[in-house]
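Structure data follow from query.cif (mmCIF, C-alpha atoms):
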```cif
data_data
#
loop_
_atom_site.label_atom_id
_atom_site.label_comp_id
_atom_site.auth_asym_id
_atom_site.auth_seq_id
_atom_site.Cartn_x
_atom_site.Cartn_y
_atom_site.Cartn_z
CA GLY A 1 32.82 116.43 158.94
CA ASN A 2 32.91 116.98 155.21
CA LYS A 3 29.81 114.99 154.27
CA SER A 4 29.94 115.54 150.52
CA GLY A 5 33.65 114.60 150.43
CA GLU A 6 32.87 111.38 152.32
CA ILE A 7 29.96 110.58 149.99
CA LYS A 8 32.23 111.07 146.96
CA ALA A 9 34.89 108.84 148.51
CA TYR A 10 32.45 105.99 149.11
CA ALA A 11 31.05 106.45 145.60
CA SER A 12 34.56 106.17 144.12
CA LEU A 13 35.45 103.14 146.24
CA GLY A 14 32.17 101.49 145.30
CA TRP A 15 32.87 102.07 141.63
CA LEU A 16 36.40 100.64 141.97
CA HIS A 17 35.03 97.45 143.54
CA GLU A 18 32.18 97.26 141.02
CA SER A 19 34.51 97.56 138.03
CA SER A 20 36.70 94.79 139.52
CA ALA A 21 33.57 92.59 139.91
CA GLU A 22 33.95 92.68 143.73
CA TYR A 23 30.21 93.08 144.19
CA PRO A 24 29.77 92.47 147.95
CA LYS A 25 32.43 95.14 148.63
CA ALA A 26 30.81 97.48 146.10
CA LEU A 27 27.43 97.07 147.80
CA GLU A 28 29.00 97.79 151.19
CA MET A 29 30.55 101.06 149.92
CA TYR A 30 27.38 102.14 148.10
CA GLN A 31 25.32 101.34 151.21
CA LYS A 32 27.56 103.64 153.28
CA ARG A 33 27.20 106.28 150.59
CA LEU A 34 23.41 105.96 150.83
CA GLU A 35 23.41 106.20 154.64
CA LEU A 36 25.40 109.44 154.47
CA ALA A 37 23.16 110.79 151.70
CA GLU A 38 20.03 109.93 153.69
CA ALA A 39 21.40 111.89 156.63
CA GLY A 40 21.61 114.97 154.40
CA ASP A 41 18.89 116.81 152.51
CA ASP A 42 20.21 116.53 148.94
CA ILE A 43 17.53 114.45 147.24
CA MET A 44 19.63 113.79 144.12
CA GLU A 45 22.56 112.55 146.20
CA LYS A 46 20.18 109.93 147.60
CA GLY A 47 18.87 109.17 144.12
CA LYS A 48 22.34 108.55 142.71
CA ALA A 49 23.16 106.25 145.64
CA TYR A 50 20.01 104.21 144.89
CA SER A 51 21.03 104.04 141.23
CA SER A 52 24.50 102.66 142.04
CA LEU A 53 23.01 100.01 144.33
CA GLY A 54 20.46 99.11 141.66
CA CYS A 55 23.16 98.59 139.03
CA VAL A 56 25.08 96.18 141.27
CA TYR A 57 21.92 94.24 142.19
CA TYR A 58 21.16 93.98 138.47
CA VAL A 59 24.58 92.51 137.66
CA THR A 60 24.34 90.02 140.55
CA GLY A 61 20.88 88.92 139.38
CA GLU A 62 18.97 90.31 142.39
CA LEU A 63 16.36 91.79 140.09
CA ALA A 64 13.62 92.56 142.63
CA LYS A 65 16.11 94.63 144.66
CA ALA A 66 17.44 96.24 141.47
CA LYS A 67 13.91 97.27 140.50
CA GLU A 68 13.26 98.71 143.97
CA MET A 69 16.47 100.79 143.89
CA HIS A 70 15.94 102.10 140.36
CA THR A 71 12.33 102.99 141.22
CA LYS A 72 13.60 105.00 144.22
CA HIS A 73 16.15 106.67 141.93
CA LEU A 74 13.34 107.56 139.52
CA ASP A 75 11.20 108.98 142.35
CA ALA A 76 14.11 111.14 143.56
CA ALA A 77 14.89 112.36 140.03
CA THR A 78 11.21 113.16 139.41
CA GLU A 79 10.96 115.07 142.70
CA ALA A 80 14.15 117.00 141.89
CA GLU A 81 12.92 117.56 138.29
CA ASN A 82 16.25 116.23 137.04
CA THR A 83 15.46 114.89 133.56
CA ALA A 84 18.95 113.48 132.89
CA GLU A 85 18.71 111.30 136.00
CA GLN A 86 15.08 110.39 135.16
CA ALA A 87 16.26 109.14 131.75
CA LYS A 88 18.99 107.07 133.39
CA ALA A 89 16.44 105.53 135.77
CA TYR A 90 14.05 104.75 132.89
CA GLY A 91 16.85 103.00 130.98
CA ASN A 92 17.89 100.96 134.02
CA LEU A 93 14.29 100.00 134.84
CA GLY A 94 13.79 98.99 131.22
CA ASN A 95 16.79 96.66 131.45
CA VAL A 96 15.51 95.12 134.69
CA LEU A 97 12.05 94.47 133.21
CA TYR A 98 13.67 93.02 130.08
CA ALA A 99 15.67 90.65 132.29
CA VAL A 100 12.52 89.39 134.04
CA GLY A 101 10.77 88.93 130.68
CA ASP A 102 8.33 91.87 130.95
CA PHE A 103 9.04 93.14 127.44
CA ALA A 104 5.99 95.41 127.19
CA GLY A 105 7.04 97.14 130.42
CA ALA A 106 10.66 97.36 129.23
CA LYS A 107 9.54 98.95 125.95
CA GLU A 108 7.54 101.59 127.83
CA TYR A 109 10.54 102.59 129.96
CA HIS A 110 12.98 102.65 127.05
CA GLU A 111 10.56 104.85 125.09
CA LYS A 112 10.44 107.30 128.02
CA ASP A 113 14.25 107.27 128.11
CA LEU A 114 14.37 107.94 124.35
CA LYS A 115 11.88 110.82 124.62
CA ILE A 116 14.10 112.64 127.14
CA ALA A 117 17.24 111.92 125.07
CA GLU A 118 15.51 113.41 122.01
CA GLU A 119 14.28 116.47 123.92
CA SER A 120 17.81 117.14 125.21
CA ALA A 121 19.40 116.36 121.79
CA ASP A 122 21.74 113.90 123.56
CA ARG A 123 22.90 111.71 120.66
CA PRO A 124 24.81 109.03 122.65
CA ALA A 125 21.82 108.64 125.01
CA GLN A 126 19.50 108.35 121.99
CA GLY A 127 21.71 105.60 120.54
CA LYS A 128 21.66 103.68 123.81
CA ALA A 129 17.85 103.92 124.01
CA TYR A 130 17.48 102.78 120.38
CA GLY A 131 19.75 99.80 121.08
CA ASN A 132 17.70 98.84 124.14
CA LEU A 133 14.46 99.21 122.19
CA GLY A 134 15.89 97.08 119.38
CA ASN A 135 16.69 94.26 121.80
CA THR A 136 13.21 94.56 123.33
CA TYR A 137 11.44 94.43 119.97
CA GLU A 138 13.56 91.45 118.98
CA ALA A 139 12.55 89.62 122.17
CA MET A 140 8.90 90.39 121.30
CA GLY A 141 9.41 88.90 117.83
CA GLU A 142 8.87 92.27 116.12
CA PHE A 143 11.92 91.95 113.89
CA ALA A 144 11.23 94.77 111.40
CA LYS A 145 10.85 97.21 114.32
CA ALA A 146 13.98 95.79 115.95
CA ARG A 147 15.95 96.27 112.73
CA GLU A 148 14.79 99.89 112.46
CA MET A 149 15.90 100.62 116.05
CA HIS A 150 19.33 99.00 115.63
CA GLU A 151 19.88 100.85 112.34
CA LYS A 152 19.17 104.15 114.13
CA ASP A 153 21.57 103.12 116.90
CA LEU A 154 24.26 102.27 114.33
CA GLU A 155 23.77 105.61 112.59
CA ILE A 156 24.32 107.47 115.88
CA LYS A 157 27.31 105.32 116.91
CA THR A 158 28.89 106.05 113.51
CA GLU A 159 28.13 109.76 113.80
CA THR A 160 29.63 109.98 117.32
CA GLY A 161 32.68 107.86 116.42
CA ASP A 162 31.85 105.15 118.96
CA VAL A 163 33.66 102.24 117.26
CA ALA A 164 32.99 99.61 119.96
CA GLY A 165 29.33 100.66 119.91
CA GLN A 166 29.27 100.21 116.13
CA GLY A 167 30.45 96.63 116.63
CA ILE A 168 27.63 95.94 119.08
CA ALA A 169 25.07 97.53 116.72
CA HIS A 170 26.35 95.37 113.84
CA CYS A 171 26.11 92.30 116.09
CA ASN A 172 22.51 93.19 117.05
CA LEU A 173 21.59 93.76 113.40
CA GLY A 174 23.18 90.44 112.46
CA CYS A 175 21.02 88.65 115.02
CA VAL A 176 17.85 90.37 113.78
CA HIS A 177 18.61 89.52 110.12
CA TYR A 178 19.33 85.95 111.22
CA SER A 179 15.91 85.78 112.94
CA MET A 180 14.30 87.19 109.78
CA GLY A 181 16.00 84.48 107.72
CA ASP A 182 18.20 86.88 105.73
CA MET A 183 21.47 84.97 106.06
CA ALA A 184 23.44 87.07 103.55
CA LYS A 185 22.68 90.24 105.52
CA ALA A 186 23.32 88.48 108.84
CA LYS A 187 26.73 87.31 107.60
CA GLU A 188 27.64 90.82 106.41
CA MET A 189 26.74 92.35 109.79
CA HIS A 190 28.58 89.74 111.87
CA GLU A 191 31.66 90.10 109.64
CA LYS A 192 31.64 93.86 110.29
CA ASP A 193 31.31 93.19 114.01
CA LEU A 194 34.20 90.69 113.82
CA SER A 195 36.54 93.13 112.09
CA ILE A 196 35.77 95.83 114.71
CA THR A 197 36.31 93.47 117.68
CA LYS A 198 39.61 92.31 116.15
CA GLN A 199 40.68 95.91 115.58
CA ASN A 200 39.85 96.76 119.22
CA GLY A 201 41.54 93.65 120.65
CA ASP A 202 38.18 92.67 122.20
CA LEU A 203 38.65 88.90 122.57
CA LYS A 204 35.28 88.27 124.17
CA GLY A 205 33.50 90.18 121.39
CA GLU A 206 35.58 88.41 118.77
CA GLY A 207 34.58 85.02 120.18
CA LYS A 208 30.92 86.03 120.10
CA ALA A 209 31.23 87.22 116.48
CA TYR A 210 32.81 83.91 115.42
CA GLY A 211 29.98 82.05 117.18
CA ASN A 212 27.36 84.14 115.40
CA LEU A 213 29.05 83.61 112.03
CA GLY A 214 29.19 79.88 112.76
CA ASN A 215 25.42 79.86 113.30
CA VAL A 216 24.89 81.65 109.97
CA HIS A 217 27.10 79.19 108.08
CA TYR A 218 25.35 76.29 109.81
CA SER A 219 21.92 77.63 108.82
CA THR A 220 22.99 77.97 105.19
CA GLY A 221 24.29 74.39 105.22
CA ASP A 222 27.95 75.42 104.98
CA PHE A 223 29.10 72.96 107.63
CA PRO A 224 32.89 73.15 107.03
CA ALA A 225 32.78 76.94 107.47
CA ALA A 226 30.52 76.57 110.53
CA LYS A 227 32.98 74.18 112.13
CA GLU A 228 35.84 76.56 111.46
CA MET A 229 34.00 79.46 113.16
CA HIS A 230 32.98 77.59 116.34
#
```
Could I get this file's structure written as structure tokens?
Amino acid sequence: GNKSGEIKAYASLGWLHESSAEYPKALEMYQKRLELAEAGDDIMEKGKAYSSLGCVYYVTGELAKAKEMHTKHLDAATEAENTAEQAKAYGNLGNVLYAVGDFAGAKEYHEKDLKIAEESADRPAQGKAYGNLGNTYEAMGEFAKAREMHEKDLEIKTETGDVAGQGIAHCNLGCVHYSMGDMAKAKEMHEKDLSITKQNGDLKGEGKAYGNLGNVHYSTGDFPAAKEMH
């Protein structure tokens, strides 16, 4: 039979279920994709199947399994000398380690991801890595470093015209300024995030921005404004 056609079909079905949050079905499709890939000799086909499984395990909170899958993806990408897939695996492993609270480990992986993105002059990938590093530094309490990373991310998102990404970068910067006690700057960033989420009709993002602004108003003792935001 047409193995690669079948693999593609299971990959597409898996993605459909994953994007509809039907995770058990997504896992089932990705598992079939992996079985077919393992029967063949295309190492990267196997690697990509591991990656898809890892992403679903991450979303469902099965972090040990997610780490195992992303590690297998990384091994396959390293063996195939596929740097783009290596970078993807580094980013995913960084997110898994961040989720389990291993921030030093997460930082290491995100730095490896960034290095590849810089070597390949891939601006969107660089922005993503900077954003991940910013979140990691923030979790480590290194706020000045976090701010620097999120500013670089924002610069790239602006340059590439990624408006939704600009909103997220503003949100991240607002949180860092808040942690640093600079409420005026925090307010400015969250207001920029709010206007972008409104513009994009992103209700979830808008709600988050109002919540963040509420916290800023509360911290500055402006309780009527805080109440209005929450």
Subject >> Surrounding residues of Glu191 of chain A excluding itself and chain neighbours under 6 positions, 9 Å, only C-alpha atoms, as a list in words >> reply: His170, Cys171, Gly174, Ala209, Tyr210 and Leu213 of chain A
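Taken over the shown file, the PyMOL selection byres ((chain A and resi 134-142) around 9) identifies Tyr98, Gly101, Phe103, Ala104, Ala106, Lys107, His110, Ala129, Tyr130, Gly131, Asn132, Leu133, Phe143, Ala144, Lys145, Ala146, Arg147, Glu148, Met149, His150, Glu151, Asp153, Asn172, Leu173, Cys175, Val176 and Ser179 of chain A.
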For the selection you just gave me, I'd like the residues written to a file as a PDB file, in the frame of the given file, keeping C-alpha atoms.
```pdb
ATOM      1  CA  TYR A  98      13.670  93.020 130.080  1.00  0.00           C
ATOM      2  CA  GLY A 101      10.770  88.930 130.680  1.00  0.00           C
ATOM      3  CA  PHE A 103       9.040  93.140 127.440  1.00  0.00           C
ATOM      4  CA  ALA A 104       5.990  95.410 127.190  1.00  0.00           C
ATOM      5  CA  ALA A 106      10.660  97.360 129.230  1.00  0.00           C
ATOM      6  CA  LYS A 107       9.540  98.950 125.950  1.00  0.00           C
ATOM      7  CA  HIS A 110      12.980 102.650 127.050  1.00  0.00           C
ATOM      8  CA  ALA A 129      17.850 103.920 124.010  1.00  0.00           C
ATOM      9  CA  TYR A 130      17.480 102.780 120.380  1.00  0.00           C
ATOM     10  CA  GLY A 131      19.750  99.800 121.080  1.00  0.00           C
ATOM     11  CA  ASN A 132      17.700  98.840 124.140  1.00  0.00           C
ATOM     12  CA  LEU A 133      14.460  99.210 122.190  1.00  0.00           C
ATOM     13  CA  PHE A 143      11.920  91.950 113.890  1.00  0.00           C
ATOM     14  CA  ALA A 144      11.230  94.770 111.400  1.00  0.00           C
ATOM     15  CA  LYS A 145      10.850  97.210 114.320  1.00  0.00           C
ATOM     16  CA  ALA A 146      13.980  95.790 115.950  1.00  0.00           C
ATOM     17  CA  ARG A 147      15.950  96.270 112.730  1.00  0.00           C
ATOM     18  CA  GLU A 148      14.790  99.890 112.460  1.00  0.00           C
ATOM     19  CA  MET A 149      15.900 100.620 116.050  1.00  0.00           C
ATOM     20  CA  HIS A 150      19.330  99.000 115.630  1.00  0.00           C
ATOM     21  CA  GLU A 151      19.880 100.850 112.340  1.00  0.00           C
ATOM     22  CA  ASP A 153      21.570 103.120 116.900  1.00  0.00           C
ATOM     23  CA  ASN A 172      22.510  93.190 117.050  1.00  0.00           C
ATOM     24  CA  LEU A 173      21.590  93.760 113.400  1.00  0.00           C
ATOM     25  CA  CYS A 175      21.020  88.650 115.020  1.00  0.00           C
ATOM     26  CA  VAL A 176      17.850  90.370 113.780  1.00  0.00           C
ATOM     27  CA  SER A 179      15.910  85.780 112.940  1.00  0.00           C
TER      28      SER A 179
END
```
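Residues matched by the PyMOL selection byres ((chain A and resi 47-58) around 6) in this structure: Leu34, Met44, Glu45, Lys46, Val59, Thr60, Gly61, Glu62, Leu63, Ala66, Met69, His70, His73 and Ala76 of chain A.
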**OP:** Measure the distance from atom CA of Tyr178 of chain A to atom CA of Tyr218 of chain A in Å and round it to one decimal.
**Re:**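 Taking atom CA of Tyr178 of chain A as the start and atom CA of Tyr218 of chain A as the end point, the length is 11.5 Å.
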**OP:** Record the distance separating atom CA of Ala164 of chain A and atom CA of Ile196 of chain A, expressed in Å with one decimal.
**Re:** 7.0 Å
**OP:** In Å, rounded to a single decimal, give me how far atom CA of Lys204 of chain A is from atom CA of Gly165 of chain A.
**Re:**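 Spanning atom CA of Gly165 of chain A to atom CA of Lys204 of chain A is a straight-line distance of 14.4 Å.
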Original post:
the PyMOL selection byres ((chain A and resi 33) around 9) on the file shown: which residues, as a PyMOL selection string?
Top reply: chain A and resi 6-11+14+28-32+34-38+45-46+49
Original post:
Which of these residues is nearest to Ala39 of chain A, using only C-alpha atoms: A:Lys208, A:His17, A:Lys157, A:Lys3?
Top reply: A:Lys3
